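The next block is work.txt, given as compact mmCIF, C-alpha atoms.
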# COMPACT_ATOMS: atom_id res chain seq x y z
CA MET A 11 5.71 -19.62 -2.07
CA PRO A 12 9.39 -20.53 -1.70
CA VAL A 13 11.10 -20.83 -5.10
CA LYS A 14 14.51 -22.25 -5.96
CA ASP A 15 15.20 -22.48 -9.69
CA SER A 16 12.93 -24.94 -11.59
CA LEU A 17 11.39 -21.87 -13.21
CA GLU A 18 9.17 -23.66 -15.69
CA THR A 19 7.35 -25.53 -12.93
CA ALA A 20 7.34 -22.49 -10.63
CA GLN A 21 5.86 -20.26 -13.32
CA GLN A 22 2.99 -22.68 -13.83
CA ALA A 23 2.37 -22.75 -10.06
CA ILE A 24 2.57 -18.96 -9.78
CA ARG A 25 0.28 -18.31 -12.73
CA ALA A 26 -2.44 -20.53 -11.24
CA ILE A 27 -2.43 -18.49 -8.02
CA VAL A 28 -2.39 -15.10 -9.70
CA GLU A 29 -5.17 -16.11 -12.08
CA SER A 30 -7.31 -17.21 -9.15
CA GLY A 31 -7.36 -13.59 -7.99
CA TYR A 32 -5.12 -13.68 -4.91
CA SER A 33 -1.95 -11.80 -4.06
CA LEU A 34 1.27 -13.79 -3.84
CA THR A 35 4.68 -13.34 -2.24
CA VAL A 36 7.46 -15.47 -3.71
CA TYR A 37 10.58 -16.04 -1.62
CA ASN A 38 13.46 -16.57 -4.03
CA ASP A 39 15.75 -18.94 -2.11
CA TYR A 40 19.13 -18.58 -3.80
CA SER A 41 18.08 -19.34 -7.35
CA THR A 42 20.86 -18.87 -9.90
CA PRO A 43 21.44 -15.28 -11.11
CA GLU A 44 19.89 -16.18 -14.46
CA ASN A 45 16.78 -17.66 -12.88
CA THR A 46 16.54 -14.78 -10.42
CA GLU A 47 16.45 -12.34 -13.32
CA ARG A 48 13.83 -14.45 -15.10
CA LEU A 49 11.74 -14.61 -11.93
CA HIS A 50 11.76 -10.83 -11.57
CA LEU A 51 10.80 -10.35 -15.20
CA PHE A 52 7.95 -12.81 -14.75
CA ALA A 53 6.85 -10.89 -11.64
CA GLN A 54 6.69 -7.65 -13.63
CA GLU A 55 4.63 -9.34 -16.32
CA THR A 56 2.30 -11.29 -14.02
CA GLY A 57 1.96 -9.20 -10.86
CA PHE A 58 3.39 -10.75 -7.70
CA GLU A 59 6.00 -9.79 -5.09
CA VAL A 60 9.49 -11.30 -5.08
CA ILE A 61 11.71 -11.31 -2.00
CA ASP A 62 15.33 -12.28 -2.67
CA ILE A 63 16.47 -14.14 0.42
CA ALA A 64 20.12 -13.89 -0.66
CA SER A 65 19.98 -10.13 -0.02
CA LEU A 66 18.68 -10.67 3.53
CA THR A 67 20.67 -13.61 4.93
CA ASP A 68 23.84 -15.54 4.16
CA HIS A 69 22.28 -18.76 5.46
CA PRO A 70 22.48 -21.35 2.68
CA SER A 71 19.36 -22.71 1.00
CA PRO A 72 16.92 -24.10 2.04
CA ASN A 73 15.70 -21.14 4.10
CA TYR A 74 12.27 -22.38 5.08
CA ARG A 75 12.70 -21.04 8.62
CA TYR A 76 13.20 -17.52 7.31
CA VAL A 77 10.24 -17.87 4.94
CA LEU A 78 7.92 -19.09 7.68
CA LEU A 79 8.95 -16.45 10.22
CA ASP A 80 8.63 -13.59 7.74
CA SER A 81 5.36 -14.72 6.16
CA ARG A 82 3.85 -15.46 9.56
CA ARG A 83 4.68 -11.92 10.72
CA LYS A 84 3.04 -10.44 7.61
CA ALA A 85 -0.08 -12.58 8.00
CA ILE A 86 -0.51 -11.59 11.66
CA GLU A 87 -0.07 -7.90 10.81
CA ALA A 88 -2.70 -8.21 8.06
CA GLU A 89 -4.99 -10.32 10.31
CA VAL A 90 -5.32 -13.04 7.67
CA PRO A 91 -4.46 -16.75 7.51
CA LEU A 92 -1.16 -17.82 5.99
CA ILE A 93 -1.43 -20.02 2.92
CA ILE A 94 1.72 -21.84 1.81
CA ILE A 95 1.80 -23.22 -1.73
CA GLU A 96 4.94 -24.93 -2.96
CA SER A 97 6.48 -24.13 -6.34
CA ASP A 98 5.81 -27.67 -7.58
CA VAL A 99 2.05 -27.45 -6.90
CA VAL A 100 -0.61 -26.21 -9.32
CA ILE A 101 -3.89 -25.19 -7.70
CA ALA A 102 -7.37 -25.04 -9.22
CA GLN A 103 -9.37 -21.84 -9.62
CA ASP A 104 -11.31 -22.42 -6.39
CA THR A 105 -8.61 -24.05 -4.24
CA ILE A 106 -7.78 -21.04 -2.07
CA GLN A 107 -11.43 -20.15 -1.52
CA ARG A 108 -12.17 -23.71 -0.43
CA LEU A 109 -9.27 -23.62 2.02
CA MET A 110 -10.64 -20.36 3.39
CA ASP A 111 -14.18 -21.73 3.64
CA ALA A 112 -12.96 -24.74 5.63
CA GLN A 113 -11.79 -22.55 8.52
CA GLN A 114 -13.79 -22.99 11.70
CA GLU A 115 -13.19 -22.30 15.36
CA GLY A 116 -10.60 -24.69 16.77
CA ILE A 117 -8.96 -25.54 13.44
CA GLY A 118 -5.22 -25.03 13.14
CA MET A 119 -4.37 -26.24 9.64
CA VAL A 120 -6.28 -27.01 6.45
CA ALA A 121 -4.53 -28.75 3.54
CA SER A 122 -5.44 -29.87 0.03
CA VAL A 123 -4.70 -33.47 -0.89
CA THR A 124 -2.16 -33.87 -3.72
CA HIS A 125 -2.69 -35.73 -7.00
CA ASN A 126 -0.44 -36.66 -9.90
CA GLU A 127 -1.16 -35.97 -13.58
CA GLU A 128 -3.37 -39.07 -13.72
CA GLY A 129 -5.54 -37.89 -10.84
CA ASP A 130 -4.23 -40.36 -8.26
CA VAL A 131 -3.30 -39.34 -4.72
CA ASN A 132 0.49 -39.00 -4.57
CA PHE A 133 3.34 -37.93 -2.28
CA PRO A 134 3.11 -36.80 0.48
CA TYR A 135 -0.46 -37.99 1.08
CA GLU A 136 -0.23 -41.64 0.08
CA TYR A 137 -1.63 -42.43 3.52
CA ALA A 138 -4.96 -40.87 2.43
CA GLN A 139 -5.40 -42.87 -0.79
CA LYS A 140 -8.39 -44.81 0.57
CA TRP A 141 -9.92 -42.06 2.68
CA ALA A 142 -13.47 -40.80 2.20
CA ILE A 143 -14.07 -37.68 0.13
CA GLY A 144 -14.53 -34.52 2.14
CA ALA A 145 -12.95 -32.56 5.01
CA ILE A 146 -11.19 -35.22 7.08
CA GLU A 147 -9.62 -34.52 10.46
CA THR A 148 -6.20 -36.12 10.84
CA LYS A 149 -3.46 -36.42 13.41
CA LYS A 150 -0.96 -37.35 10.70
CA ARG A 151 1.36 -34.65 9.50
CA LEU A 152 0.14 -32.20 6.88
CA SER A 153 2.63 -31.16 4.25
CA PHE A 154 3.05 -27.55 3.16
CA CYS A 155 2.33 -28.42 -0.48
CA CYS A 156 -0.89 -26.39 -0.28
CA THR A 157 -1.83 -25.59 3.29
CA LEU A 158 -3.61 -22.87 5.26
CA LEU A 159 -2.51 -21.96 8.78
CA THR A 160 -5.26 -20.16 10.67
CA PRO A 161 -4.66 -16.84 12.48
CA SER A 162 -5.37 -18.58 15.79
CA LEU A 163 -2.57 -21.08 15.19
CA LEU A 164 -0.18 -18.40 13.94
CA CYS A 165 -0.61 -16.50 17.19
CA ALA A 166 -0.64 -19.51 19.53
CA MET A 167 2.72 -20.97 18.59
CA ASP A 168 6.15 -19.77 19.72
CA TRP A 169 7.67 -19.95 16.26
CA GLU A 170 11.13 -18.61 17.11
CA THR A 171 11.63 -21.41 19.63
CA LEU A 172 9.72 -24.10 17.74
CA LEU A 173 11.55 -23.80 14.42
CA ASP A 174 14.91 -25.42 15.08
CA PRO A 175 17.58 -23.62 12.97
CA GLU A 176 19.34 -26.95 12.46
CA LYS A 177 16.40 -28.37 10.50
CA ASN A 178 15.43 -27.79 6.86
CA TRP A 179 11.68 -28.53 6.87
CA TYR A 180 9.00 -27.84 9.45
CA ASP A 181 5.71 -29.33 8.26
CA VAL A 182 5.99 -32.26 10.69
CA THR A 183 6.97 -29.97 13.56
CA ILE A 184 4.12 -27.53 13.00
CA SER A 185 1.53 -30.26 12.36
CA HIS A 186 2.38 -31.93 15.66
CA GLU A 187 2.50 -28.66 17.57
CA SER A 188 -0.91 -27.67 16.25
CA ILE A 189 -2.39 -30.88 17.66
CA ARG A 190 -0.44 -30.55 20.93
CA LEU A 191 -1.99 -27.12 21.42
CA GLY A 192 -5.46 -28.58 21.00
CA PHE A 193 -6.18 -27.53 17.41
CA HIS A 194 -7.73 -29.76 14.75
CA ASN A 195 -5.94 -30.36 11.43
CA ILE A 196 -8.03 -30.99 8.31
CA LEU A 197 -7.14 -32.64 4.99
CA LEU A 198 -9.51 -31.75 2.13
CA THR A 199 -9.68 -34.90 0.02
CA ASP A 200 -12.29 -33.24 -2.19
CA THR A 201 -9.99 -30.33 -3.10
CA PRO A 202 -7.02 -31.87 -4.91
CA VAL A 203 -4.03 -29.99 -6.30
CA LEU A 204 -1.51 -31.18 -8.87
CA HIS A 205 1.84 -32.02 -7.28
CA LYS A 206 5.12 -32.53 -9.16
CA PRO A 207 7.34 -33.64 -6.26
CA HIS A 208 10.85 -32.26 -5.73
CA SER A 209 11.02 -30.20 -8.93
CA SER A 210 13.34 -27.68 -7.30
CA ARG A 211 15.58 -30.30 -5.66
CA PRO A 212 15.93 -33.17 -8.17
CA TRP A 213 18.41 -35.05 -5.97
CA LYS A 214 15.45 -35.97 -3.71
CA GLN A 215 14.08 -38.17 -6.50
CA LEU A 216 16.73 -40.62 -5.34
CA LYS A 217 14.35 -41.46 -2.50
CA TYR A 218 12.31 -43.44 -5.05
CA THR A 219 14.94 -44.50 -7.60
CA ASN A 220 17.91 -45.24 -5.32
CA PRO A 221 16.88 -45.05 -1.66
CA LEU A 222 20.24 -46.26 -0.35
CA LEU A 223 22.04 -43.38 -2.09
CA TYR A 224 19.33 -40.95 -0.95
CA TYR A 225 19.72 -41.85 2.72
CA TRP A 226 23.53 -41.90 2.42
CA ARG A 227 23.49 -38.35 1.06
CA LYS A 228 20.93 -37.30 3.66
CA LEU A 229 23.10 -38.59 6.50
CA THR A 230 26.59 -37.71 5.25
CA GLN A 231 25.73 -34.32 3.71
CA HIS A 232 23.19 -33.37 6.38
CA LYS A 233 20.48 -32.80 3.81
CA ASP A 234 16.69 -32.82 4.15
CA LYS A 235 16.57 -32.50 7.96
CA ILE A 236 12.98 -32.73 9.26
Output the structure of this file as C-alpha cells.
Amino acid sequence: MPVKDSLETAQQAIRAIVESGYSLTVYNDYSTPENTERLHLFAQETGFEVIDIASLTDHPSPNYRYVLLDSRRKAIEAEVPLIIIESDVVIAQDTIQRLMDAQQEGIGMVASVTHNEEGDVNFPYEYAQKWAIGAIETKKRLSFCCTLLTPSLLCAMDWETLLDPEKNWYDVTISHESIRLGFHNILLTDTPVLHKPHSSRPWKQLKYTNPLLYYWRKLTQHKDKI
C-alpha cells in the first residue's frame, strides 16, 4: 500500500487489511514529517511494516515505480502473488481471500470492483456499472485500487523496461501488457470494496469539479502521467 499523508483515510484502509489477518507493507511516499511519525506510531500499535521511500530515493512523489519494483521483488522471493491496495480503499473481511481464490492458470490480474458509500459502482470502474455479478473477464484496464497480480504475471513481464520512469501511474500499462502476453484479467463485480477517490492527492478532485483547470495543471505541471 502506497501512502502519502491523508492519514485518517489511510488508517481506516490499513486497519481493514490487518484485521483480515494478512501482513501488510506500507510504502510511505514523502508524507510530511508529522504524518510520517504518526504512521510509524500507528504501525507499532497495529502491526504492519513501513518503508520510508524518502530514505531510499530522492525522486519526488509519486514513486509508484519504486513501490512496484520493490514489492514485485519481494513477492517473487516469497513465491506469492502481489496484492496492491490503495490507501483510499477499505476492503471487507473476505476480500483478499476472494482475490486469492479467483486465481487460475492463465490469469494475470484479479481486481475488486469499487463502490462508494451508497453502494454504487464508482471511479475507476464506472464502465462496469451494468455488468453481471461475478468474475468477469475484461480487456479494459484494471486499476490498482484493490488488485492481485499473479506470480506468473510477475515473472513474465520485464518490469524495469516496461515501467517508464517518466510516468506516474502504471495500471494501464500493466493491464495492457498482461493481455499482450496472453493472460486473462478478471474484475470481481461480486467482491466490492469501498473507494474514496484521490484522498491523498486532493487536487485530482478538480477532474470532476473543474476539468479545465485539472487538465491545465496536468499538462503544464506534468502531473498525473499515465
Name the residues in contact with segment 72-87 of chain A at a cut-off of 9 Å, using only C-alpha atoms, excluding same-chain residues fewer than 4 positions from it; report them as a PyMOL selection string. chain A and resi 11-12+14+35+37+39-40+63+67+91-92+94+161+164-165+169-170+173-175+177-180+234
Selection file, C-alpha atoms, as a compact mmCIF listing (two decimals), keeping the file's coordinate frame:
# COMPACT_ATOMS: atom_id res chain seq x y z
CA MET A 11 5.71 -19.62 -2.07
CA PRO A 12 9.39 -20.53 -1.70
CA LYS A 14 14.51 -22.25 -5.96
CA THR A 35 4.68 -13.34 -2.24
CA TYR A 37 10.58 -16.04 -1.62
CA ASP A 39 15.75 -18.94 -2.11
CA TYR A 40 19.13 -18.58 -3.80
CA ILE A 63 16.47 -14.14 0.42
CA THR A 67 20.67 -13.61 4.93
CA PRO A 91 -4.46 -16.75 7.51
CA LEU A 92 -1.16 -17.82 5.99
CA ILE A 94 1.72 -21.84 1.81
CA PRO A 161 -4.66 -16.84 12.48
CA LEU A 164 -0.18 -18.40 13.94
CA CYS A 165 -0.61 -16.50 17.19
CA TRP A 169 7.67 -19.95 16.26
CA GLU A 170 11.13 -18.61 17.11
CA LEU A 173 11.55 -23.80 14.42
CA ASP A 174 14.91 -25.42 15.08
CA PRO A 175 17.58 -23.62 12.97
CA LYS A 177 16.40 -28.37 10.50
CA ASN A 178 15.43 -27.79 6.86
CA TRP A 179 11.68 -28.53 6.87
CA TYR A 180 9.00 -27.84 9.45
CA ASP A 234 16.69 -32.82 4.15
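You will find atom CA of Pro134 of chain A at 6.8 Å from atom CA of Ser153 of chain A.
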With only C-alpha atoms as the basis for distance, which of A:Ala102, A:Ile117, A:Val28, A:Leu159 is at the shortest distance from Ala145 of chain A?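 Under the stated criterion, the closest residue is A:Ile117.
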Identify the residues within 10 Å of coordinate (-3.0, -30.9, -1.6) (same frame as the file), considering all atoms listed in the file, and give the answer as a PyMOL selection string. chain A and resi 95+99-101+105+120-125+131-135+152-157+197-205
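Note that the spacing between atom CA of Thr183 of chain A and atom CA of Ala138 of chain A amounts to 19.6 Å.
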How many Å separate atom CA of Asn38 of chain A from atom CA of Val60 of chain A?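 Interatomic distance, atom CA of Asn38 of chain A to atom CA of Val60 of chain A: 6.7 Å.
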Point (-1.0, -11.2, -16.5) neighbourhood (8 Å, all atoms listed in the file) written as a VMD selection string: chain A and resid 28 to 29 55 to 57
File of the preceding selection, C-alpha atoms, as a short mmCIF file (atom, residue, chain, number, x, y, z; two decimals), in the coordinates of the input:
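Dumped everything to out08.cif:
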data_model
loop_
_atom_site.label_atom_id
_atom_site.label_comp_id
_atom_site.auth_asym_id
_atom_site.auth_seq_id
_atom_site.Cartn_x
_atom_site.Cartn_y
_atom_site.Cartn_z
CA VAL A 28 -2.39 -15.10 -9.70
CA GLU A 29 -5.17 -16.11 -12.08
CA GLU A 55 4.63 -9.34 -16.32
CA THR A 56 2.30 -11.29 -14.02
CA GLY A 57 1.96 -9.20 -10.86
#
Out of A:Gln54, A:Glu18, A:Ala64, A:Gln107, which residue has the shortest atom-to-atom distance to Tyr32 of chain A when counting only C-alpha atoms?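 Using only C-alpha atoms, the shortest distance to Tyr32 of chain A belongs to A:Gln107.
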Hey, can I get the axis-aligned box for segment 143-161 of chain A? All listed atoms, 6 Å padding on each side, centre and edge lengths in Å to one decimal, as JSON.
{"center_x": -5.7, "center_y": -27.3, "center_z": 6.5, "size_x": 29.6, "size_y": 32.8, "size_z": 25.9}
Nearest to Ala166 of chain A among A:Glu187, A:Glu59, A:Glu96, A:Glu44, with distances taken over only C-alpha atoms: which residue is it?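 Of the candidates, the smallest distance to Ala166 of chain A is held by A:Glu187.
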